[in-house]
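Trainee: Right, I'll just put the structure down here and ask away after.
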Amino acid sequence: MIHTKGLRRTFKGRRGAVEAVAGVDLDVLGGQTFGFLGPNGAGKTTTLRMLSTLLPVTSGQATVAGCDLRHQPAKVRERIGYVSQEGSSYSEVTGRRELTMQGRLYGMNRAVADKRAAELLETLELTDCGDRKTKTYSGGQKRRLDVGIGLMHLPDLLFLDEPTTGLDPQSRARMWDEVRRLRESGTTVFLTTHYLEEADALCDRIAIIDHGRIVAEGTPEELKREIAGDVVLVGPEGSPDKARDILKGQDFIRELTVENEVLRLYVDRGETALPQIIRLLDGAGINLATLSLHRPSLDDVFFRKTGRSLRETAP
Amino acid sequence: MKLLRDTWLMFVRYFLIFIGNPAWVIIGVIQPVLYLLLFAPLLKSIVHIPGFPPGGAYNVFVPGLLIQLGLFGASGVGFGLIDELRSGVIERFRVTPVSRLALLLGRACRDILTLLIQSLILMGLAIPFGLQPTFLGVVVMLGLVALIGLGMSSLAYAAALALKDENSYAPLVFTLSLPLLLLSGVLLPLQLAPQWLQDIAKANPLSYAVTAARDVFNGNGGSPDVWKGLAIMAALAIVGIAIGARRFSRAIA
Ligand SMILES: Nc1ncnc2c1ncn2[C@@H]1O[C@H](COP(=O)(O)OP(=O)(O)OP(=O)(O)O)[C@@H](O)[C@H]1O
Ligand SMILES: [Mg+2]
């Protein structure tokens, strides 16, 4: 559904050029929900705007929905839906009218557009506010309307730029259901997010982007498996330095990092590592404030690939 | 035809947004009335000074007023576009297959329609004061106003898309439209101006529109100045559309 090779975009500013997207290769198959995960400024929106014909590419090739991005932008537009990060409805217009307008722009006649709009208002649970101006909508209602506008013409491929940023947990859960429903109906969804849980919960495949480059790509399971074994978080009382010195040389620990006074240990088998850790630290007279064991998360993947934690860089 | 259909869809959208906001409609009607009531009476006393064109105060003043209405009305339209730009709607339209030219023309047609309605109101109200419109005069006048509206609002949209924010758009528009206005002979006929000022005014396309409008209102419908004014305004409209449409199809980064 999407293939890109060496996709790049630089912005020329007063103080030199910014390489927002620095050579991105992607392969998204039809029917997949594909997640683009990365911190602020990673280049997610820039990539999406290029793939949806809004922004000319600096170099590289891409086919989107079977059409060449550079040479057939009009054909690409017919087949995709795009929900931007900022939203896409105007405050003085009702939700229903935004939907029908969108349908009409894709060539639907009035009757078809009205019917489809009513259908979408129903599935997105917007029937109650459909005839109010969008300036009266809650954040969640507005975001659902944005998605509805993107879906109006039943595109094969939908781009969702941060569909849940700023939503409360309830609205987020609703949006997740919506994305799952799309997947079931066979629509390819390409979404961006800051949230690891979101990418993990919704996506068939994930690409992690940082500073305009893809640093990891695969299914959530594959990515997590790359961090073989388990993660143990050790929170000693007081400074972590002493504990680190003791644990550093141990064979059963494959990697050790310190972050916010907490030691993060990558081990092959957490069940056997825990008693060893306790014994070692106890022997050295170090008391533990916290100790936990978990399966690697996408956060660990991000951390391993970039040396930073996504949770710190996210707003 | 796709361009026509898309233009119509856009026109209806923006027209509904306009009439959905009664404040704009009221302002649109009150503006010309204020000019008539508060400014035109001043002219009565200067009609008799030498150099003032023949035809009576209102036949000289109203045509100029209509041109001014076109200029000011059109230069304000960029504010609405900036508001919409911020809401993401323009990006959304640019991802659809809609004709880029229609994005411009649909809006401009709404602007023209409101200008024409305002012009008719103004002319109608001026009749009791002493305006003596002719059929040809009204038709040519509306044609001029429509062309100015088309050209100036297209340019205003191009400026709004380039600047993307009110704080740079407003100063630009006011700085440009004031000299355009003063050098067009809208408020007082340029015949009263010293020669050097008249010379500068020749570079202002709007001054030709004002001359054309006055001629046709004063029974000189066949004068070459009328054709000249219409032709120059048509050229302005074409240039405006070319620049505006280019802006709409370019990336709004
Ligand atoms: N129009 C522009 N002009 C100059 N620089 C830009 C422009 N658009 C984006 N950038 C820069 O490109 C980089 C990538 O931005 P982008 O919007 O793609 O990030 P993002 O991953 O979507 O971030 P976020 O999660 O905050 O939305 C940033 O450093 C940004 O400042
Ligand atoms: Mg973004």
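A note on labels: chains of the structure tokens are A, B, ... as shown, every chain counts residues from 1, and ligands are counted from 1 in their shown order.
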Fewer than 2 positions away in the same chain doesn't count, so skip those; otherwise give me all residues within 8 Å of range 225-228 of chain B, counting only C-alpha atoms, as a PyMOL selection string.
Mentor: chain B and resi 208-209+211-213+215-216+221-223+230-232
Trainee: Store the residues picked out above, limited to N, CA, C and O atoms, as a compact mmCIF listing (two decimals), in the first residue's frame.
Mentor:
```txt
# COMPACT_ATOMS: atom_id res chain seq x y z
N TYR B 208 -8.20 54.40 -12.98
CA TYR B 208 -8.90 54.24 -14.25
C TYR B 208 -10.32 53.73 -14.03
O TYR B 208 -11.25 54.09 -14.74
N ALA B 209 -10.47 52.90 -13.02
CA ALA B 209 -11.81 52.40 -12.70
C ALA B 209 -12.69 53.55 -12.23
O ALA B 209 -13.86 53.65 -12.60
N THR B 211 -12.35 56.77 -12.94
CA THR B 211 -12.67 57.61 -14.10
C THR B 211 -13.79 56.98 -14.93
O THR B 211 -14.76 57.64 -15.31
N ALA B 212 -13.64 55.68 -15.18
CA ALA B 212 -14.65 54.99 -15.99
C ALA B 212 -16.01 55.06 -15.31
O ALA B 212 -17.03 55.34 -15.95
N ALA B 213 -16.02 54.83 -14.01
CA ALA B 213 -17.28 54.82 -13.29
C ALA B 213 -17.94 56.20 -13.35
O ALA B 213 -19.16 56.31 -13.56
N ASP B 215 -17.50 58.56 -15.60
CA ASP B 215 -17.93 58.85 -16.97
C ASP B 215 -19.27 58.22 -17.26
O ASP B 215 -20.19 58.86 -17.77
N VAL B 216 -19.38 56.95 -16.93
CA VAL B 216 -20.59 56.24 -17.32
C VAL B 216 -21.79 56.73 -16.51
O VAL B 216 -22.91 56.74 -16.98
N GLY B 221 -21.26 57.17 -21.46
CA GLY B 221 -21.11 55.72 -21.55
C GLY B 221 -20.21 55.26 -22.67
O GLY B 221 -19.55 54.23 -22.58
N GLY B 222 -20.18 56.02 -23.78
CA GLY B 222 -19.41 55.56 -24.93
C GLY B 222 -17.96 56.00 -24.90
O GLY B 222 -17.20 55.68 -25.81
N SER B 223 -17.56 56.74 -23.88
CA SER B 223 -16.21 57.30 -23.89
C SER B 223 -15.16 56.19 -23.81
O SER B 223 -15.38 55.16 -23.16
N LEU B 230 -12.56 49.32 -17.81
CA LEU B 230 -12.98 47.92 -17.74
C LEU B 230 -11.84 46.98 -18.11
O LEU B 230 -11.62 45.96 -17.45
N ALA B 231 -11.09 47.36 -19.17
CA ALA B 231 -10.01 46.48 -19.63
C ALA B 231 -8.92 46.38 -18.56
O ALA B 231 -8.41 45.29 -18.27
N ILE B 232 -8.60 47.51 -17.94
CA ILE B 232 -7.54 47.48 -16.93
C ILE B 232 -7.98 46.66 -15.72
O ILE B 232 -7.21 45.88 -15.16
```
Trainee: Please report as a list in words which residues of chain A come no farther than 7 Å from chain B, using only C-alpha atoms.
Mentor: Ser52, Thr53, Leu54, Leu55, Ala74, Arg77, Glu78, Glu86, Gly87, Ser88, Ser89, Tyr90, Glu92, Val93, Leu105 and Tyr106 of chain A
Trainee: Generate a file of the selected residues that holds C-alpha atoms, formatted as a tab-separated table (two decimals), in the first residue's frame.
Mentor:
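Here's the written file result.tsv:
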```
chain	number	residue	atom	x	y	z
A	52	SER	CA	-0.43	12.63	1.32
A	53	THR	CA	0.82	14.99	-1.44
A	54	LEU	CA	0.77	18.09	0.75
A	55	LEU	CA	4.49	18.63	0.81
A	74	ALA	CA	-4.05	13.49	-8.24
A	77	ARG	CA	-5.48	12.00	-3.51
A	78	GLU	CA	-8.48	10.09	-4.77
A	86	GLU	CA	-4.27	20.06	13.97
A	87	GLY	CA	-7.75	18.95	13.00
A	88	SER	CA	-9.75	19.70	9.91
A	89	SER	CA	-13.12	21.23	10.71
A	90	TYR	CA	-14.07	24.89	10.73
A	92	GLU	CA	-18.58	28.02	12.10
A	93	VAL	CA	-19.81	24.95	10.23
A	105	LEU	CA	-15.53	17.20	-3.10
A	106	TYR	CA	-14.88	13.54	-3.91
```
Trainee: Show me which residues line ligand 1, defined as having an atom within 6 Å of a ligand atom where only C-alpha atoms and all ligand atoms count, and present them as a list of chain:residue names.
Mentor: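 Answer in the requested format: A:Phe11, A:Ala20, A:Pro39, A:Asn40, A:Gly41, A:Ala42, A:Gly43, A:Lys44, A:Thr45, A:Thr46, B:Ala253.
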Trainee: Could you give me, as a ChimeraX atom specification, the residues within 9 Å of Lys44 in chain B, counting only C-alpha atoms and dropping anything in the same chain fewer than 3 positions from it?
Mentor: /B:40-41,47-48,56-58
Trainee: Near range 182-195 of chain B, within 6 Å and counting only C-alpha atoms, which residues show up once chain neighbours fewer than 5 positions away are dropped, as a PyMOL selection string?
Mentor: chain B and resi 51+64+201+206-207
Trainee: Write out as a list in words the set of residues from range 66-106 of chain A that DSSP, computed on the backbone, places in strand (DSSP E or B).
Mentor: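 Those residues are Cys67, Asp68, Ile80, Gly81, Tyr82, Val83 and Thr94 of chain A.
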Trainee: Please provide as a list of chain:residue names all residues within 12 Å of Phe72 in chain B, with the sequence filter that same-chain residues fewer than 6 positions apart are discarded (counting only C-alpha atoms).
Mentor: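 Everything that qualifies: B:Gly28, B:Gln31, B:Pro32, B:Leu65, B:Leu66, B:Gly78, B:Asp111, B:Leu115, B:Val145, B:Ile148, B:Gly149, B:Met152, B:Ser153, B:Ala156, B:Val173, B:Phe174, B:Leu176, B:Ser177, B:Leu178, B:Leu180, B:Leu181.
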Trainee: Any idea what the distance is between CA of Arg49 in chain A and CA of Ile214 in chain A?
Mentor: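 It comes out at 16.8 Å.
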Trainee: For the atom pair CA of Gly229 in chain A and CA of Val262 in chain A, what is the interatomic distance in Å to one decimal place?
Mentor: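 The value is 18.8 Å.
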Trainee: Can you tell me, as a ChimeraX atom specification, which residues in range 61-203 of chain B count as helix (DSSP H, G or I) by DSSP?
Mentor: /B:61-75,78-87,89-95,100-129,135-163,166-182,190-192,195-201
